[in-house]
>>> print(open('model.txt').read())   # compact mmCIF, C-alpha atoms
# COMPACT_ATOMS: atom_id res chain seq x y z
CA MET A 29 -3.83 -22.64 83.23
CA ALA A 30 -2.12 -25.18 80.98
CA ALA A 31 -3.56 -28.11 82.93
CA ALA A 32 -7.08 -26.68 82.85
CA THR A 33 -6.89 -26.08 79.11
CA ALA A 34 -5.48 -29.55 78.45
CA SER A 35 -8.19 -31.19 80.55
CA MET A 36 -10.95 -29.31 78.74
CA ALA A 37 -9.38 -30.13 75.38
CA ARG A 38 -9.37 -33.85 76.20
CA GLU A 39 -13.05 -33.67 77.12
CA ARG A 40 -13.91 -32.40 73.66
CA GLY A 41 -11.84 -35.08 71.95
CA ASP A 42 -8.57 -33.28 71.26
CA THR A 43 -5.10 -34.66 71.99
CA PRO A 44 -3.23 -31.99 73.96
CA VAL A 45 0.53 -32.22 74.46
CA LEU A 46 2.09 -30.31 77.36
CA ILE A 47 5.65 -29.04 76.97
CA GLY A 48 7.42 -27.35 79.87
CA LEU A 49 9.20 -27.80 83.15
CA GLU A 50 6.25 -29.19 85.10
CA GLU A 51 6.53 -32.83 86.13
CA THR A 52 3.13 -33.49 84.54
CA ALA A 53 4.36 -32.33 81.11
CA ASP A 54 4.53 -34.80 78.24
CA TRP A 55 7.89 -33.30 77.34
CA VAL A 56 9.90 -31.87 80.23
CA VAL A 57 11.76 -29.03 78.55
CA ASP A 58 13.35 -25.75 79.56
CA LEU A 59 11.58 -23.50 77.07
CA ARG A 60 14.43 -20.97 77.27
CA ASP A 61 16.77 -23.54 75.68
CA GLU A 62 16.70 -23.22 71.90
CA SER A 63 17.97 -26.71 71.06
CA ALA A 64 15.71 -28.35 73.65
CA VAL A 65 12.65 -26.58 72.24
CA GLU A 66 13.53 -27.65 68.70
CA ALA A 67 13.91 -31.24 69.83
CA ALA A 68 10.55 -31.16 71.62
CA VAL A 69 8.77 -29.73 68.58
CA ASP A 70 10.37 -32.39 66.38
CA GLY A 71 9.22 -35.01 68.86
CA CYS A 72 5.63 -33.77 68.80
CA PHE A 73 5.46 -33.86 65.01
CA ALA A 74 7.11 -37.28 64.90
CA ARG A 75 4.73 -38.78 67.45
CA HIS A 76 1.46 -37.18 66.35
CA GLY A 77 2.04 -36.40 62.68
CA ARG A 78 0.85 -32.81 62.92
CA ILE A 79 0.09 -29.95 65.30
CA ASP A 80 -3.19 -28.10 64.79
CA GLY A 81 -2.76 -25.36 67.39
CA LEU A 82 -0.20 -23.90 69.78
CA PHE A 83 -1.10 -22.22 73.08
CA ASN A 84 1.85 -20.39 74.63
CA VAL A 85 0.89 -20.48 78.31
CA VAL A 86 4.31 -20.25 79.93
CA GLY A 87 4.97 -17.17 82.03
CA ILE A 88 6.05 -15.92 85.42
CA SER A 89 5.66 -12.96 87.72
CA GLY A 90 9.11 -11.48 88.24
CA ARG A 91 8.39 -9.85 91.58
CA ARG A 92 10.70 -12.16 93.51
CA TYR A 93 13.48 -11.50 91.00
CA GLY A 94 13.22 -7.73 91.34
CA ASP A 95 10.38 -6.70 89.03
CA GLY A 96 8.24 -3.80 90.22
CA PRO A 97 7.85 -0.07 89.52
CA LEU A 98 10.51 0.72 86.93
CA HIS A 99 12.64 2.97 89.16
CA GLU A 100 12.87 0.15 91.70
CA ALA A 101 13.24 -2.76 89.26
CA THR A 102 16.46 -4.72 88.93
CA LEU A 103 18.06 -5.78 85.67
CA GLU A 104 17.78 -9.38 86.81
CA GLY A 105 14.04 -8.96 87.29
CA TRP A 106 13.62 -7.35 83.87
CA ASN A 107 15.70 -9.93 82.02
CA THR A 108 14.14 -12.89 83.82
CA VAL A 109 10.61 -11.77 82.99
CA MET A 110 11.41 -11.05 79.35
CA GLU A 111 13.17 -14.36 78.89
CA SER A 112 10.45 -16.38 80.60
CA ASN A 113 7.43 -14.58 79.14
CA VAL A 114 8.58 -13.57 75.65
CA THR A 115 11.63 -15.57 74.55
CA THR A 116 9.98 -18.89 75.44
CA SER A 117 6.97 -18.05 73.26
CA PHE A 118 9.27 -16.91 70.45
CA LEU A 119 11.23 -20.16 70.42
CA LEU A 120 8.26 -22.50 70.58
CA THR A 121 6.21 -20.55 68.04
CA ARG A 122 9.12 -20.30 65.62
CA GLY A 123 9.66 -24.04 65.78
CA VAL A 124 6.03 -24.81 64.97
CA LEU A 125 5.75 -22.14 62.28
CA ARG A 126 8.77 -23.40 60.37
CA ARG A 127 7.27 -26.86 60.12
CA TRP A 128 3.83 -25.59 59.15
CA LEU A 129 5.24 -23.42 56.38
CA LYS A 130 7.49 -26.19 55.06
CA ALA A 131 4.56 -28.61 54.88
CA GLY A 132 2.05 -26.02 53.65
CA GLU A 133 -0.14 -26.61 56.70
CA ARG A 134 -2.57 -24.30 58.45
CA GLY A 135 -2.89 -23.80 62.19
CA ALA A 136 -3.75 -21.50 65.07
CA ILE A 137 -1.37 -19.83 67.50
CA LEU A 138 -2.48 -18.30 70.79
CA PHE A 139 -0.37 -16.16 73.11
CA MET A 140 -1.06 -15.63 76.81
CA SER A 141 -1.01 -11.89 77.41
CA SER A 142 -2.55 -10.07 80.39
CA VAL A 143 -5.09 -7.33 81.01
CA THR A 144 -2.28 -5.40 82.73
CA ALA A 145 -0.66 -4.89 79.32
CA PHE A 146 -3.31 -2.29 78.44
CA SER A 147 -5.24 -1.67 81.67
CA PRO A 148 -2.71 -0.99 84.45
CA GLU A 149 -3.49 -1.17 88.13
CA PRO A 150 -0.80 0.85 89.97
CA LYS A 151 -1.60 0.12 93.61
CA TYR A 152 -1.39 -3.67 93.82
CA PHE A 153 0.00 -4.83 90.47
CA ALA A 154 2.82 -2.43 89.58
CA THR A 155 5.20 -4.93 87.98
CA HIS A 156 6.30 -2.99 84.94
CA GLY A 157 8.54 -5.67 83.45
CA TYR A 158 5.66 -8.14 83.52
CA ALA A 159 3.28 -5.65 81.87
CA ALA A 160 5.88 -4.86 79.20
CA SER A 161 6.41 -8.54 78.46
CA LYS A 162 2.69 -9.09 78.04
CA GLY A 163 2.42 -6.00 75.85
CA ALA A 164 5.18 -7.40 73.67
CA LEU A 165 3.08 -10.50 73.06
CA ILE A 166 0.18 -8.34 71.89
CA ALA A 167 2.46 -6.55 69.41
CA LEU A 168 3.77 -9.93 68.26
CA THR A 169 0.22 -11.19 67.83
CA ARG A 170 -0.77 -8.32 65.59
CA SER A 171 2.34 -8.31 63.42
CA MET A 172 2.34 -12.08 62.99
CA ALA A 173 -1.38 -12.20 62.21
CA ALA A 174 -0.90 -9.81 59.30
CA TYR A 175 2.09 -11.68 57.91
CA TYR A 176 0.83 -15.25 58.20
CA ALA A 177 -2.83 -14.80 57.24
CA PRO A 178 -2.10 -15.53 53.54
CA HIS A 179 -0.71 -18.88 54.69
CA GLY A 180 -3.92 -19.74 56.54
CA ILE A 181 -2.23 -19.38 59.92
CA ARG A 182 -4.20 -17.51 62.58
CA VAL A 183 -2.58 -15.69 65.51
CA ASN A 184 -4.52 -14.35 68.51
CA ALA A 185 -3.92 -13.51 72.16
CA ILE A 186 -5.91 -13.92 75.33
CA ALA A 187 -5.61 -11.34 78.11
CA PRO A 188 -6.88 -12.63 81.46
CA GLY A 189 -7.53 -10.64 84.58
CA LEU A 190 -6.51 -12.03 87.95
CA VAL A 191 -6.92 -15.82 87.90
CA ARG A 192 -6.72 -18.28 90.77
CA THR A 193 -3.47 -20.10 89.92
CA PRO A 194 -0.22 -20.82 91.78
CA MET A 195 1.28 -17.64 90.27
CA SER A 196 -1.36 -15.49 91.99
CA GLN A 197 -0.79 -16.99 95.45
CA ARG A 198 0.35 -13.64 96.88
CA ALA A 199 -2.94 -12.01 95.90
CA GLN A 200 -4.99 -14.96 97.11
CA GLU A 201 -3.51 -14.64 100.59
CA ASN A 202 -3.91 -10.86 100.82
CA ALA A 203 -7.29 -9.89 102.28
CA GLU A 204 -6.98 -6.30 101.06
CA ILE A 205 -6.37 -7.40 97.47
CA GLN A 206 -9.22 -9.88 97.66
CA GLU A 207 -11.59 -7.12 98.76
CA PHE A 208 -10.33 -4.89 95.95
CA MET A 209 -10.89 -7.62 93.37
CA ARG A 210 -14.55 -7.93 94.26
CA SER A 211 -15.12 -4.56 92.61
CA LYS A 212 -12.28 -4.70 90.07
CA GLN A 213 -13.65 -7.91 88.50
CA PRO A 214 -17.35 -7.46 89.26
CA LEU A 215 -18.64 -10.12 86.87
CA CYS A 216 -17.06 -12.87 88.96
CA GLY A 217 -17.03 -10.98 92.26
CA GLY A 218 -13.35 -11.69 92.82
CA MET A 219 -10.85 -13.90 91.03
CA LEU A 220 -11.40 -15.83 87.83
CA GLU A 221 -10.93 -19.57 87.70
CA ALA A 222 -8.51 -21.25 85.29
CA ALA A 223 -11.41 -22.99 83.52
CA ASP A 224 -12.89 -19.59 82.59
CA VAL A 225 -9.75 -18.74 80.63
CA ALA A 226 -9.35 -22.25 79.22
CA ALA A 227 -12.79 -22.14 77.61
CA ALA A 228 -11.95 -18.90 75.82
CA ALA A 229 -8.55 -20.26 74.77
CA LEU A 230 -10.09 -23.34 73.17
CA PHE A 231 -12.52 -21.15 71.28
CA LEU A 232 -9.65 -19.14 69.77
CA LEU A 233 -7.74 -22.32 68.91
CA GLY A 234 -10.74 -24.12 67.44
CA GLU A 235 -12.71 -24.25 64.23
CA GLU A 236 -15.41 -21.94 65.62
CA SER A 237 -12.98 -19.01 65.34
CA ARG A 238 -11.56 -19.98 61.93
CA PHE A 239 -11.99 -16.44 60.60
CA VAL A 240 -10.61 -14.67 63.70
CA THR A 241 -7.01 -13.46 63.69
CA GLY A 242 -4.98 -10.59 65.13
CA GLN A 243 -7.36 -10.20 68.08
CA VAL A 244 -6.78 -9.81 71.82
CA LEU A 245 -9.61 -11.29 73.87
CA ALA A 246 -9.84 -9.96 77.42
CA VAL A 247 -11.26 -12.51 79.85
CA ASP A 248 -11.11 -10.26 82.87
CA GLY A 249 -14.41 -10.29 84.73
CA GLY A 250 -14.86 -6.60 83.93
CA TRP A 251 -11.36 -5.44 85.02
CA ASP A 252 -10.78 -3.24 81.96
CA VAL A 253 -14.08 -1.36 82.31
CA SER A 254 -14.44 -1.21 86.09
>>> encode(input="model.txt", output="structure tokens")
Amino acid sequence: MAAATASMARERGDTPVLIGLEETADWVVDLRDESAVEAAVDGCFARHGRIDGLFNVVGISGRRYGDGPLHEATLEGWNTVMESNVTTSFLLTRGVLRRWLKAGERGAILFMSSVTAFSPEPKYFATHGYAASKGALIALTRSMAAYYAPHGIRVNAIAPGLVRTPMSQRAQENAEIQEFMRSKQPLCGGMLEAADVAAAALFLLGEESRFVTGQVLAVDGGWDVS
């Protein structure tokens, strides 16, 4: 998702900077490490002079760590998902916000939530830690949007359905889930592509949505209403 968004941003003339553990990142950083995140944010401001928008894309499915239905979930699974999906966004967003407020600058923040935060699917996607982590980002979006609006800082979230990415490999290889998704996401007749979400993300980060804040945009192919 991050790569698709960055590629689309470059096409429209923006200068995206990728921060994370991927080898293709501009800054290779463990986003769970407070001091490393602070250093990366400092580096971005030093190199580019300013940051106009922040898209918190980082996130994992905790299934392999023990996430699942709550009565079956392990503490490791719960903690791993919360740390990877919520704490990382907290650290990076806090770093950018502090610098914006100090300089009196405006900007846009976007969190990556999920349609499962408010439209659960119990048969195939019962990972309750993951859903809780994505719900936490929606609550953070709303509370932050109210607080920072007087500073000219917008905060929104995007809530995708099932997207064809490396994280959804299990679903991609499961014929039963693929058949289910044809009716669950009827607008795309199956899984979404990363570019579908990237386009919506750039809208929420861009000037076209300058008066939009505190919103959760579902890009789900009809999941929530099917």
>>> closest_residue(input="model.txt", among="A:Ala223, A:Leu119, A:Met140, A:Ala160", to="Asp58 in chain A", atoms="only C-alpha atoms")
A:Leu119
>>> residues_near_point(input="model.txt", point="(0.9, -1.6, 81.6)", cutoff="7 Å", atoms="only C-alpha atoms", output="list in words")
Thr144, Ala145, Phe146, Ser147, Pro148, His156, Ala159 and Ala160 of chain A
>>> residues_around(input="model.txt", residues="Ala37 in chain A", least_positions_apart="2", cutoff="12 Å", atoms="only C-alpha atoms", output="VMD selection string")
chain A and resid 30 to 35 39 to 46 81 83 223 226 to 231 233 to 234
>>> atom_distance(input="model.txt", atom1="CA of Glu66 in chain A", atom2="CA of Gly123 in chain A")
6.0 Å
>>> residues_around(input="model.txt", residues="Arg238 in chain A", least_positions_apart="2", cutoff="10 Å", atoms="all atoms listed in the file", output="NGL selection string")
:A and (135-136 or 180-182 or 231-236 or 240-241)
>>> axis_aligned_box(input="model.txt", around="range 84-97 of chain A", padding_each_side="5 Å", output="AutoDock Vina command-line options")
--center_x 7.2 --center_y -10.3 --center_z 84.1 --size_x 22.6 --size_y 30.4 --size_z 28.9
>>> closest_residue(input="model.txt", among="A:Val85, A:Leu59, A:Ala177, A:Ala154", to="Val225 in chain A", atoms="all atoms listed in the file")
A:Val85
>>> atom_distance(input="model.txt", atom1="CA of Val56 in chain A", atom2="CA of Thr116 in chain A")
13.8 Å
>>> residues_near_point(input="model.txt", point="(-15.7, -11.1, 90.5)", cutoff="10 Å", atoms="all atoms listed in the file", output="list in words")
Leu190, Gln206, Phe208, Met209, Arg210, Ser211, Lys212, Gln213, Pro214, Leu215, Cys216, Gly217, Gly218, Met219, Leu220, Asp248, Gly249, Gly250 and Trp251 of chain A
>>> closest_residue(input="model.txt", among="A:Tyr93, A:His99, A:Met195, A:Ala53", to="Ala222 in chain A", atoms="only C-alpha atoms")
A:Met195
>>> closest_residue(input="model.txt", among="A:Val57, A:Ser117, A:Ala167, A:Ile88", to="Thr193 in chain A", atoms="only C-alpha atoms")
A:Ile88
>>> atom_distance(input="model.txt", atom1="CA of Val114 in chain A", atom2="CA of Lys162 in chain A")
7.8 Å
>>> closest_residue(input="model.txt", among="A:Val253, A:Glu221, A:Asp95, A:Arg75", to="Pro194 in chain A", atoms="only C-alpha atoms")
A:Glu221
>>> residues_around(input="model.txt", residues="Ile186 in chain A", least_positions_apart="2", cutoff="9 Å", atoms="all atoms listed in the file", output="PyMOL selection string")
chain A and resi 138-143+166+184+188+225+228-229+232+243-247
